[in-house]
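Undergrad: For reference, the structure I am asking about is given below.
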Amino acid sequence: MKKILTTLFFVAVFSSLTFAQETLNVYRKTASGIDENTPVGTLVFTDQIRELPLPMDSVKKVTVVKERVEVKDRKGNVKRDKKGNPKTKMRKRRIVTWEKVEPKEPPRFVPIHCKMGEVWVKRSDLARFKQASMDLSGEYASSTGSVVLKKSPTNPRYFSFTIQNGPFGNRAELEASNVELREANGHARLTYTEDGCTVDIAVADRKVKVAQRGCSEYNAGSYKLEGEYNNYKGNRRVVDTFNMPEQSFKYKKYLWCGSGFDSCEKVKDDNGTVTITWSKGGNGFIERSAGETVHTYRPFEHVIPHKRDFFNGEKPIAIKTKRTDMAGEWMIWYFYPQAERFKMVRAGMREDTAYMEIYE
């Protein structure tokens with residue numbers, strides 16, 4: 001096999017901000033009402049708000065009471081009976097009062113108190129704003145890296161996280177899923193632990209602080225996972241484009257593992273020597289060919305490898321792919337340029353039971 005020079009691998013990530021930072025328009029109420037076309041300001045996540053009591057409707061209430069009154073003549077003098085006592089009679093009187101009641105229909109605008117004083121906001125906008133303000137999901141950035149938190153769609157107490165710090169090729173990075181959220185000292189905390197590594201993520205006031213114990217395998221030069229990521233950028237949609245030079249490697253034999261490493265056996269392909277082409281056409285596609293049989297894998301997303309995926313200290317380039325000629329066949333390809341080695345693992349399975357192929 002020919003000698004492979006240092007592999008240059010560039011991944012350009014274009015961020016399509018499908019999430020514009022959630023904001024809340026506020027309005028003043030005048031004698032003529034609220035002009036929703038002219039908001040007086042805009043609030044963002046970090047602004048403190050306090051909801052005020054809803055305005056009550058006034059309802060007219062008429063009651064009739066009976067009262068005893070003195071009888072008077074035309075001159076206004078009180079009439080008296082034979083004993084000299086004032087004559088009286090019963091009279092009905094209507095009393096009108098205005099009572100405060102809850103509105104029959106939910107109001108379109110509701111009052112709040114914020115940095116601009118007492119203002120009014122749309123009730124529907126306020127509900128969305130509050131929901132977004134309570135959600136910790138999103139990207140928290142520093143000058144050199146970022147932390148991305150994603151809430152589980154099935155359980156709001158569990159999150160996945162991705163930490164990346166440093167430029168591509170020399171980046172400290174780690175990702176994990178199904179990490180439970182807990183409250184401690186007024187902060188939301190996520191703690192991830194594996195052998196020789198503990199990462200603690202504290203979130204407060206739209207700022208993230210990462211602390212690590214151990215985890216040296218995930219460091220890269222002077223870049224570590226730990227640090228403060230205080231610039232909240234909201235949720236974003238990231239599209240990975242894979243710009244890599246095409247390289248080909250040939251293997252007469254490979255390890256075929258039907259169910260984890262314990263099942264691995266060295267085999268030959270019935271069609272002859274296997275050729276693995278990394279980034280076919282320079283677009284990130286991976287091609288496995290043997291004789292006239294060709295399998296092509298389309299790149300889907302960049303994957304951050306765990307230290308269990310390292311080989312003799314080398315951190316691989318990992319990509320989640322989909323086989324183009326089969327429905328639902330998702331594979332993660334690991335490429336080790338220095339070792340001229342590949343590992344293909346079926347996605348979504350534990351490594352001790354997953355189907356895999358290893359070429360080295």
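Ligands are numbered from 1 in the order shown, chains are lettered A, B, ... in the order of the structure tokens, and residues start at 1 in each chain.
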Could you give me the residues within stretch 46-102 of chain A that DSSP places in strand (DSSP E or B), as JSON, numbers by chain?

TA: {"A": [50, 51, 57, 58, 59, 60, 61, 62, 63, 64, 65, 66, 67, 68, 69, 70, 72, 78, 80, 86, 88, 89, 90, 91, 92, 93, 94, 95, 96, 97, 98, 99, 100, 101]}

Undergrad: Can you tell me which residues surround A:Ile332 at a distance of at most 8 Å, considering only C-alpha atoms, apart from same-chain residues fewer than 6 positions away, and format the answer as a list in words?

TA: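 Residues near the query, excluding close chain neighbours: Ala318, Ile319, Lys320, Thr321, Met344, Val345, Arg346 and Ala347 of chain A.
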
Undergrad: Take the residues just selected and output them with C-alpha atoms as a PDB file, in the first residue's frame.

TA:
ATOM      1  CA  ALA A 318     -16.045   9.882  12.197  1.00  0.00           C
ATOM      2  CA  ILE A 319     -19.043  10.328   9.906  1.00  0.00           C
ATOM      3  CA  LYS A 320     -22.563   8.993  10.136  1.00  0.00           C
ATOM      4  CA  THR A 321     -23.589   7.678   6.708  1.00  0.00           C
ATOM      5  CA  MET A 344     -17.602   0.688  10.072  1.00  0.00           C
ATOM      6  CA  VAL A 345     -20.198   0.266  12.834  1.00  0.00           C
ATOM      7  CA  ARG A 346     -23.973   0.006  12.510  1.00  0.00           C
ATOM      8  CA  ALA A 347     -25.438   3.165  14.037  1.00  0.00           C
TER       9      ALA A 347
END

Undergrad: Quick check, in Å to one decimal: how far apart do atom CA of A:Val62 and atom CA of A:Glu105 lie?

TA: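 Taking atom CA of A:Val62 and atom CA of A:Glu105, their separation equals 23.2 Å.
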
Undergrad: Residues near A:Cys257, anyone? I mean within 9 Å using only C-alpha atoms, not counting same-chain ones fewer than 4 positions away, as a VMD selection string.

TA: chain A and resid 261 to 266 354 to 358

Undergrad: With a distance cut-off of 12 Å and only C-alpha atoms, select the neighbouring residues of A:Glu183, excluding the residue or stretch itself and same-chain residues fewer than 5 positions from it, and output the selection as a ChimeraX atom specification.

TA: /A:157,188-191,201-204

Undergrad: I'd like the contact shell of A:Asp205 - 12 Å cut-off, only C-alpha atoms, skipping same-chain residues fewer than 2 positions apart - returned as a list in words.

TA: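 Everything that qualifies: Phe45, Thr46, Asp47, Gln48, Ser133, Met134, Asp135, Leu136, Tyr140, Gly186, His187, Ala188, Ala202, Val203, Lys207, Val208, Lys209, Tyr229, Asn230, Asn231 and Tyr232 of chain A.
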
Undergrad: Choose the residue, out of A:Leu24, A:Val96, A:Ile49, A:Val147, that has the smallest atom-to-atom separation from A:Ile112; count only C-alpha atoms.

TA: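 Ranked by minimum distance to A:Ile112, first place goes to A:Ile49.
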
Undergrad: Any idea what's packed within 8 Å of A:Glu139, counting only C-alpha atoms, ignoring anything in its chain fewer than 5 positions away? Could you give it as an NGL selection string?

TA: :A and (146-149 or 232-236)

Undergrad: Go through stretch 243-277 of chain A residue by residue and, counting only C-alpha atoms, keep those with an atom at most 10 Å from stretch 282-299 of chain A; for each kept residue give the shortest atom pair and its distance in Å to one decimal, ordered by chain and increasing number, as JSON lines.

TA:
{"residue": "A:Asn243", "atom": "CA", "partner": "A:Asn283", "partner_atom": "CA", "distance": 5.7}
{"residue": "A:Met244", "atom": "CA", "partner": "A:Gly282", "partner_atom": "CA", "distance": 5.2}
{"residue": "A:Pro245", "atom": "CA", "partner": "A:Gly282", "partner_atom": "CA", "distance": 5.0}
{"residue": "A:Glu246", "atom": "CA", "partner": "A:Gly282", "partner_atom": "CA", "distance": 5.1}
{"residue": "A:Gln247", "atom": "CA", "partner": "A:Gly282", "partner_atom": "CA", "distance": 8.9}
{"residue": "A:Ser248", "atom": "CA", "partner": "A:Glu287", "partner_atom": "CA", "distance": 9.1}
{"residue": "A:Phe249", "atom": "CA", "partner": "A:Arg288", "partner_atom": "CA", "distance": 9.9}
{"residue": "A:Lys250", "atom": "CA", "partner": "A:Ser289", "partner_atom": "CA", "distance": 9.5}
{"residue": "A:Tyr251", "atom": "CA", "partner": "A:Ala290", "partner_atom": "CA", "distance": 9.7}
{"residue": "A:Lys252", "atom": "CA", "partner": "A:Ala290", "partner_atom": "CA", "distance": 9.9}
{"residue": "A:Asp269", "atom": "CA", "partner": "A:Ala290", "partner_atom": "CA", "distance": 7.2}
{"residue": "A:Asp270", "atom": "CA", "partner": "A:Ala290", "partner_atom": "CA", "distance": 8.3}
{"residue": "A:Asn271", "atom": "CA", "partner": "A:Gly291", "partner_atom": "CA", "distance": 5.1}
{"residue": "A:Gly272", "atom": "CA", "partner": "A:Ala290", "partner_atom": "CA", "distance": 5.7}
{"residue": "A:Thr273", "atom": "CA", "partner": "A:Ala290", "partner_atom": "CA", "distance": 5.8}
{"residue": "A:Val274", "atom": "CA", "partner": "A:Ala290", "partner_atom": "CA", "distance": 4.7}
{"residue": "A:Thr275", "atom": "CA", "partner": "A:Ser289", "partner_atom": "CA", "distance": 5.2}
{"residue": "A:Ile276", "atom": "CA", "partner": "A:Arg288", "partner_atom": "CA", "distance": 4.8}
{"residue": "A:Thr277", "atom": "CA", "partner": "A:Glu287", "partner_atom": "CA", "distance": 5.0}

Undergrad: With N, CA, C and O atoms retained, write the just-selected residues as an mmCIF file, in the first residue's frame.

TA:
data_model
loop_
_atom_site.group_PDB
_atom_site.id
_atom_site.type_symbol
_atom_site.label_atom_id
_atom_site.label_comp_id
_atom_site.auth_asym_id
_atom_site.auth_seq_id
_atom_site.Cartn_x
_atom_site.Cartn_y
_atom_site.Cartn_z
ATOM 1 N N ASN A 243 -15.718 18.431 2.825
ATOM 2 C CA ASN A 243 -14.734 18.767 1.804
ATOM 3 C C ASN A 243 -13.450 18.021 2.115
ATOM 4 O O ASN A 243 -12.669 18.474 2.938
ATOM 5 N N MET A 244 -13.252 16.876 1.495
ATOM 6 C CA MET A 244 -12.083 16.067 1.817
ATOM 7 C C MET A 244 -11.457 15.540 0.541
ATOM 8 O O MET A 244 -12.173 15.233 -0.424
ATOM 9 N N PRO A 245 -10.156 15.412 0.511
ATOM 10 C CA PRO A 245 -9.509 14.829 -0.677
ATOM 11 C C PRO A 245 -9.824 13.343 -0.788
ATOM 12 O O PRO A 245 -9.929 12.635 0.211
ATOM 13 N N GLU A 246 -9.997 12.881 -1.995
ATOM 14 C CA GLU A 246 -10.285 11.462 -2.223
ATOM 15 C C GLU A 246 -9.029 10.634 -1.980
ATOM 16 O O GLU A 246 -7.934 10.971 -2.427
ATOM 17 N N GLN A 247 -9.205 9.505 -1.245
ATOM 18 C CA GLN A 247 -8.097 8.582 -0.982
ATOM 19 C C GLN A 247 -8.622 7.153 -1.068
ATOM 20 O O GLN A 247 -9.759 6.890 -0.685
ATOM 21 N N SER A 248 -7.791 6.254 -1.563
ATOM 22 C CA SER A 248 -8.192 4.858 -1.703
ATOM 23 C C SER A 248 -7.202 3.943 -0.985
ATOM 24 O O SER A 248 -5.986 4.194 -0.995
ATOM 25 N N PHE A 249 -7.739 2.888 -0.386
ATOM 26 C CA PHE A 249 -6.933 1.914 0.353
ATOM 27 C C PHE A 249 -7.412 0.522 -0.043
ATOM 28 O O PHE A 249 -8.623 0.296 -0.188
ATOM 29 N N LYS A 250 -6.491 -0.406 -0.173
ATOM 30 C CA LYS A 250 -6.842 -1.777 -0.571
ATOM 31 C C LYS A 250 -6.545 -2.745 0.575
ATOM 32 O O LYS A 250 -5.521 -2.611 1.264
ATOM 33 N N TYR A 251 -7.430 -3.730 0.744
ATOM 34 C CA TYR A 251 -7.296 -4.717 1.827
ATOM 35 C C TYR A 251 -7.622 -6.110 1.285
ATOM 36 O O TYR A 251 -8.729 -6.328 0.739
ATOM 37 N N LYS A 252 -6.690 -7.036 1.469
ATOM 38 C CA LYS A 252 -6.959 -8.410 1.045
ATOM 39 C C LYS A 252 -7.852 -9.130 2.042
ATOM 40 O O LYS A 252 -8.639 -10.004 1.676
ATOM 41 N N ASP A 269 -13.080 -11.213 1.107
ATOM 42 C CA ASP A 269 -14.304 -11.006 0.341
ATOM 43 C C ASP A 269 -14.329 -11.983 -0.828
ATOM 44 O O ASP A 269 -13.304 -12.212 -1.483
ATOM 45 N N ASP A 270 -15.477 -12.585 -1.081
ATOM 46 C CA ASP A 270 -15.584 -13.563 -2.163
ATOM 47 C C ASP A 270 -15.267 -12.961 -3.523
ATOM 48 O O ASP A 270 -14.931 -13.694 -4.464
ATOM 49 N N ASN A 271 -15.395 -11.639 -3.632
ATOM 50 C CA ASN A 271 -15.182 -10.984 -4.927
ATOM 51 C C ASN A 271 -13.751 -10.471 -5.103
ATOM 52 O O ASN A 271 -13.445 -9.820 -6.100
ATOM 53 N N GLY A 272 -12.883 -10.735 -4.104
ATOM 54 C CA GLY A 272 -11.494 -10.329 -4.239
ATOM 55 C C GLY A 272 -11.110 -9.219 -3.286
ATOM 56 O O GLY A 272 -11.754 -9.003 -2.249
ATOM 57 N N THR A 273 -10.052 -8.505 -3.635
ATOM 58 C CA THR A 273 -9.527 -7.447 -2.789
ATOM 59 C C THR A 273 -10.571 -6.339 -2.602
ATOM 60 O O THR A 273 -11.237 -5.917 -3.541
ATOM 61 N N VAL A 274 -10.685 -5.849 -1.355
ATOM 62 C CA VAL A 274 -11.622 -4.775 -1.042
ATOM 63 C C VAL A 274 -10.909 -3.433 -1.149
ATOM 64 O O VAL A 274 -9.801 -3.264 -0.622
ATOM 65 N N THR A 275 -11.531 -2.507 -1.857
ATOM 66 C CA THR A 275 -11.005 -1.145 -1.961
ATOM 67 C C THR A 275 -11.960 -0.196 -1.243
ATOM 68 O O THR A 275 -13.160 -0.159 -1.549
ATOM 69 N N ILE A 276 -11.424 0.536 -0.274
ATOM 70 C CA ILE A 276 -12.198 1.567 0.412
ATOM 71 C C ILE A 276 -11.755 2.921 -0.129
ATOM 72 O O ILE A 276 -10.575 3.258 -0.042
ATOM 73 N N THR A 277 -12.698 3.653 -0.680
ATOM 74 C CA THR A 277 -12.403 4.999 -1.184
ATOM 75 C C THR A 277 -13.043 6.012 -0.248
ATOM 76 O O THR A 277 -14.265 6.057 -0.107
#

Undergrad: Tell me which protein, DNA and RNA residues are within 12 Å of A:Val179, counting only C-alpha atoms, leaving out same-chain ones fewer than 5 positions away, and put them as a ChimeraX atom specification.

TA: /A:149-152,155-162,189-193,199-201

Undergrad: Atom CA of A:Leu174 and atom CA of A:Tyr218, how far apart in Å?

TA: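 Atom CA of A:Leu174 lies at a distance of 6.8 Å from atom CA of A:Tyr218.
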